[in-house]
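Since the structure comes first, as structure tokens, the remarks are kept for the end.
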Amino acid sequence: MSRVFLFPGQGSQYVGMGKSLADSYMPARLVFEEVNEALGQNLSEIMWSGPEETLKLTENTQPALMAHSMAVMRVLEDGGVDIAKVASHVAGHSLGEYSALCAAKAFTLADTARLLKIRGQAMQRAVPVGEGAMAAIIGLDLEVVEKVVAEAAVDGVVVSANDNAPGQVVVSGEKVAVEKAIVLAKEQGAKMGMLLPVSAPFHCPLMQPAADAMEQALSQVTIAAPVVPVISNVEAKPITDPAVIKDLLVQQVTGVVRWRESVLTMPSLGIDQAVELGAGKVLCGLLKRIDRSLSSLSIQEPEDIDAFVASL
């Protein structure tokens, strides 16, 4: 069996995430302690006790989701699971790409935490609160949404940001243009168009200041060749070259997350199972909508780890 390890993105967080892992496994506790030390804050306390409003701050959400995923990864490794032997590829949704790269040894855990803190802060600063927005368009494929945003762009910046699954595309940009896109999408037959509860318009040209910040931050860390290829959000294909990884992570800040295409390329890479590590089961849900030939499972609690290891 050929597997891909998947790592979730923003929206999968919840108060209490990772607590059972920390209570059950020393390697997981050490991950949270290392992340806390790298950031100079007690992020694990926010993860486990909230308040939810603080956890939902982008600068906290991004390293928190990575920490949860890496806690799972470390526990697996402590149990003898070698990622290079049990997975042929890794992939992550948006910030999850950093988790994937950390799991594949391209980044250290401390560097990944600091990069995601910078990324979250830079994304939040890029656009004043209230001026940007994101919306989920349900029931239209990317090609139709692209036409919708092209028409809505007369009112301001708006682009397709996440191509998540057939009939599920997220648009991002200036609020007035995003609202126009919702209206136009419904006219084109969309089942639903709804604003998302996010604090900034991710993956659109308005994020260029954040892309510049990440270019600077990434130039100051060592990127090793990953032990297994990462399927890039930007290119929807496997990459291993550290210089390419850096360039694509910069592009990712303003570029579309090509998740649907990333999943569609997996069978051609010989992949037949996807394993989601960390909070929630969002990526497993999307997988079923994209390609039902791929089996999937999620690992976020101690019992999930036991079941997965037993299945190897």
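All residue names refer to the structure tokens as shown: chains lettered A, B, ... in order, residues numbered from 1 in each chain, ligands numbered from 1 in order.
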
Q | Polymer residues at most 12 Å from segment 39-41 of chain A, only C-alpha atoms, same-chain spacing of 2 or more positions, as an MDAnalysis selection string | A | chainID A and resid 32:37 43:47 59:60 63:64 67 109:118

(Q) So that I can check the surroundings of segment 179-182 of chain A, please list as a list in words every protein, DNA and RNA residue that reaches within 6 Å of it, counting only C-alpha atoms and ignoring chain neighbours fewer than 3 positions away. (A) Val149, Ala152, Val176, Ala185 and Gly193 of chain A

Export N, CA and C atoms of the chosen residues as a short mmCIF file (atom, residue, chain, number, x, y, z; two decimals), in the first residue's frame?
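Saved file out-v7.cif follows:
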data_model
loop_
_atom_site.label_atom_id
_atom_site.label_comp_id
_atom_site.auth_asym_id
_atom_site.auth_seq_id
_atom_site.Cartn_x
_atom_site.Cartn_y
_atom_site.Cartn_z
N VAL A 149 -15.53 35.50 -10.84
CA VAL A 149 -14.64 36.47 -10.20
C VAL A 149 -14.09 37.48 -11.20
N ALA A 152 -16.82 39.97 -11.28
CA ALA A 152 -16.94 40.69 -10.01
C ALA A 152 -15.77 41.62 -9.76
N VAL A 176 -16.30 44.08 -0.84
CA VAL A 176 -17.37 44.46 -1.77
C VAL A 176 -17.34 43.59 -3.01
N ALA A 185 -22.43 34.34 -8.52
CA ALA A 185 -22.36 32.88 -8.46
C ALA A 185 -23.76 32.27 -8.34
N GLY A 193 -23.66 30.56 -1.53
CA GLY A 193 -22.50 31.43 -1.46
C GLY A 193 -22.52 32.08 -0.11
#

Find the nearest atom pair between each residue of segment 125-229 of chain A and segment 283-305 of chain A for residues within 12 Å, count only C-alpha atoms, give distances in Å to one decimal, sort rows by chain and ascending number, and present the table as CSV.
residue,atom,partner,partner_atom,distance
A:Asp141,CA,A:Ile290,CA,11.9
A:Asp163,CA,A:Leu286,CA,10.6
A:Asn164,CA,A:Leu286,CA,7.0
A:Ala165,CA,A:Ile290,CA,5.7
A:Pro166,CA,A:Ile290,CA,6.4
A:Gly167,CA,A:Arg289,CA,9.2
A:Gln168,CA,A:Leu286,CA,9.2
A:Val169,CA,A:Leu286,CA,11.6

Suppose we keep C-alpha atoms; can you now write the selection as a PDB file, in the first residue's frame?
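Everything below was put into selection_9.pdb:
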ATOM      1  CA  ASP A 141     -16.716  24.148 -10.386  1.00  0.00           C
ATOM      2  CA  ASP A 163     -10.081  24.876  -5.251  1.00  0.00           C
ATOM      3  CA  ASN A 164     -11.053  22.416  -2.535  1.00  0.00           C
ATOM      4  CA  ALA A 165     -13.230  19.852  -4.314  1.00  0.00           C
ATOM      5  CA  PRO A 166     -15.689  19.570  -7.197  1.00  0.00           C
ATOM      6  CA  GLY A 167     -18.386  22.139  -6.471  1.00  0.00           C
ATOM      7  CA  GLN A 168     -16.501  23.730  -3.570  1.00  0.00           C
ATOM      8  CA  VAL A 169     -14.390  26.790  -4.363  1.00  0.00           C
TER       9      VAL A 169
END

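If you count only C-alpha atoms and ignore residues fewer than 2 places along the chain from Ser20 of chain A, what sits within 10 Å of it is Gly16, Met17, Gly18, Ala22, Asp23, Ser24, Tyr25, Ala28, Arg29, Trp48, Gln300, Glu301, Pro302 and Glu303 of chain A.
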
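The gap separating atom CA of Asp247 of chain A from atom CA of Phe5 of chain A is 22.3 Å, in Å to one decimal.
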
Q. When DSSP works through the backbone of this structure, what residues of segment 23-183 of chain A end up as alpha helix (DSSP H), shown as JSON, numbers by chain?
A. {"A": [23, 24, 26, 27, 28, 29, 30, 31, 32, 33, 34, 35, 36, 37, 38, 39, 43, 44, 45, 46, 47, 48, 49, 52, 53, 54, 55, 58, 59, 60, 61, 62, 63, 64, 65, 66, 67, 68, 69, 70, 71, 72, 73, 74, 75, 76, 77, 78, 83, 84, 85, 86, 96, 97, 98, 99, 100, 101, 102, 103, 109, 110, 111, 112, 113, 114, 115, 116, 117, 118, 119, 120, 121, 122, 123, 124, 125, 126, 142, 143, 144, 145, 146, 147, 148, 149, 150, 151, 152, 175, 176, 177, 178, 179, 180, 181, 182, 183]}

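Of the listed residues (A:Ala217, A:Met26, A:Ala310, A:Ala126), A:Met26 comes nearest to Arg74 of chain A; the distances count only C-alpha atoms.
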
Q: Find, counting only C-alpha atoms, the residue in A:Ala177, A:Ala210, A:Val127, A:Leu142 that gets nearest to Glu261 of chain A.
A: A:Leu142

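By chain and then residue number, the residues within 7 Å of Leu101 of chain A are Glu97, Lys105, Ala106, Phe107, Pro226 and Val230 of chain A, counting only C-alpha atoms and disregarding those fewer than 4 positions away in sequence.
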
Can you write just those residues out, N, CA and C atoms, as a CSV table (one decimal), in the first residue's frame?
chain,number,residue,atom,x,y,z
A,97,GLU,N,0.9,22.7,4.6
A,97,GLU,CA,2.1,22.4,3.8
A,97,GLU,C,3.3,22.6,4.6
A,105,LYS,N,10.9,16.4,7.5
A,105,LYS,CA,12.3,16.8,7.9
A,105,LYS,C,12.9,17.9,7.1
A,106,ALA,N,12.1,18.6,6.3
A,106,ALA,CA,12.6,19.8,5.6
A,106,ALA,C,12.8,21.0,6.5
A,107,PHE,N,12.0,21.1,7.5
A,107,PHE,CA,12.1,22.1,8.5
A,107,PHE,C,12.3,21.5,9.9
A,226,PRO,N,13.3,17.2,1.7
A,226,PRO,CA,12.4,16.3,2.4
A,226,PRO,C,12.7,14.9,2.2
A,230,VAL,N,6.9,16.4,-1.2
A,230,VAL,CA,5.7,17.1,-0.8
A,230,VAL,C,4.9,17.5,-2.0

Write out as JSON lines a residue-level contact list of segment 241-278 of chain A versus segment 218-223 of chain A with cut-off 10 Å: for each qualifying residue the closest pair of atoms and the distance in Å to one decimal, counting only C-alpha atoms, rows sorted by chain and residue number upward.
{"residue": "A:Asp241", "atom": "CA", "partner": "A:Ile223", "partner_atom": "CA", "distance": 9.1}
{"residue": "A:Pro242", "atom": "CA", "partner": "A:Ile223", "partner_atom": "CA", "distance": 5.6}
{"residue": "A:Ala243", "atom": "CA", "partner": "A:Ile223", "partner_atom": "CA", "distance": 8.0}
{"residue": "A:Ile245", "atom": "CA", "partner": "A:Ile223", "partner_atom": "CA", "distance": 8.1}
{"residue": "A:Lys246", "atom": "CA", "partner": "A:Leu218", "partner_atom": "CA", "distance": 6.6}
{"residue": "A:Asp247", "atom": "CA", "partner": "A:Leu218", "partner_atom": "CA", "distance": 9.1}
{"residue": "A:Leu249", "atom": "CA", "partner": "A:Leu218", "partner_atom": "CA", "distance": 8.6}
{"residue": "A:Val250", "atom": "CA", "partner": "A:Leu218", "partner_atom": "CA", "distance": 8.3}

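Close contacts of Ser172 of chain A, defined as residues with an atom at most 9 Å away when counting only C-alpha atoms, with chain neighbours fewer than 6 positions off set aside, comprise Gly132, Ala133, Met134, Ala135, Val157, Val158, Val159, Ser160, Ala161, Asn162, Val178, Ala200, Pro201, Phe202, His203 and Cys204 of chain A.
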
Store the residues picked out above, limited to C-alpha atoms, as a PDB file, in the first residue's frame.
ATOM      1  CA  GLY A 132     -11.195  41.863   3.070  1.00  0.00           C
ATOM      2  CA  ALA A 133     -13.372  38.757   2.963  1.00  0.00           C
ATOM      3  CA  MET A 134     -13.531  35.153   1.826  1.00  0.00           C
ATOM      4  CA  ALA A 135     -16.588  33.233   0.682  1.00  0.00           C
ATOM      5  CA  VAL A 157      -9.795  42.572  -6.061  1.00  0.00           C
ATOM      6  CA  VAL A 158     -11.363  39.086  -5.969  1.00  0.00           C
ATOM      7  CA  VAL A 159      -9.909  35.749  -7.048  1.00  0.00           C
ATOM      8  CA  SER A 160     -10.389  32.023  -6.600  1.00  0.00           C
ATOM      9  CA  ALA A 161      -8.373  31.161  -3.499  1.00  0.00           C
ATOM     10  CA  ASN A 162      -9.036  27.495  -2.702  1.00  0.00           C
ATOM     11  CA  VAL A 178     -16.403  39.123  -2.779  1.00  0.00           C
ATOM     12  CA  ALA A 200      -8.224  38.217   6.481  1.00  0.00           C
ATOM     13  CA  PRO A 201      -8.567  37.444   2.749  1.00  0.00           C
ATOM     14  CA  PHE A 202      -6.026  34.651   2.360  1.00  0.00           C
ATOM     15  CA  HIS A 203      -4.526  33.452  -0.946  1.00  0.00           C
ATOM     16  CA  CYS A 204      -5.200  36.564  -2.985  1.00  0.00           C
TER      17      CYS A 204
END

Q.
Given only C-alpha atoms as the basis, pick out the residue of A:Leu195, A:Val263, A:Met123, A:Ala279 nearest to Asp212 of chain A.
A. A:Met123

**Q.** Spatial neighbours of Val282 of chain A, 9 Å, only C-alpha atoms, chain gap at least 6 places, as JSON, numbers by chain
**A.** {"A": [8, 9, 11, 12, 276]}

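Residues of segment 161-278 of chain A that DSSP, applied to the backbone, places in strand (DSSP E): Ala161, Asn162, Asp163, Asn164, Ala165, Gln168, Val169, Val170, Val171, Ser172, Gly173, Glu174, Met192, Gly193, Met194, Leu195, Val230, Ile231, Pro238, Ile239, Gln273, Ala274, Val275, Glu276 and Leu277 of chain A.
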
Can I get the selection written as a compact mmCIF listing (two decimals), in the first residue's frame, with C-alpha atoms?
# COMPACT_ATOMS: atom_id res chain seq x y z
CA ALA A 161 -8.37 31.16 -3.50
CA ASN A 162 -9.04 27.49 -2.70
CA ASP A 163 -10.08 24.88 -5.25
CA ASN A 164 -11.05 22.42 -2.54
CA ALA A 165 -13.23 19.85 -4.31
CA GLN A 168 -16.50 23.73 -3.57
CA VAL A 169 -14.39 26.79 -4.36
CA VAL A 170 -13.43 29.59 -1.97
CA VAL A 171 -13.01 33.13 -3.30
CA SER A 172 -11.01 35.87 -1.60
CA GLY A 173 -10.40 39.59 -1.92
CA GLU A 174 -11.90 42.97 -1.12
CA MET A 192 -24.83 28.48 -1.84
CA GLY A 193 -22.50 31.43 -1.46
CA MET A 194 -21.55 32.35 2.06
CA LEU A 195 -19.02 34.63 3.70
CA VAL A 230 5.68 17.11 -0.78
CA ILE A 231 2.79 17.70 -3.17
CA PRO A 238 5.57 16.59 -5.96
CA ILE A 239 8.62 18.71 -5.16
CA GLN A 273 -4.43 5.58 0.89
CA ALA A 274 -4.47 9.02 2.55
CA VAL A 275 -3.82 9.44 6.27
CA GLU A 276 -4.76 12.81 7.84
CA LEU A 277 -2.63 13.71 10.86

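For the set A:Asp82, A:Glu151, A:Glu235, A:Glu215, the residue with the smallest atom-to-atom gap to Val256 of chain A is A:Glu235, counting only C-alpha atoms.
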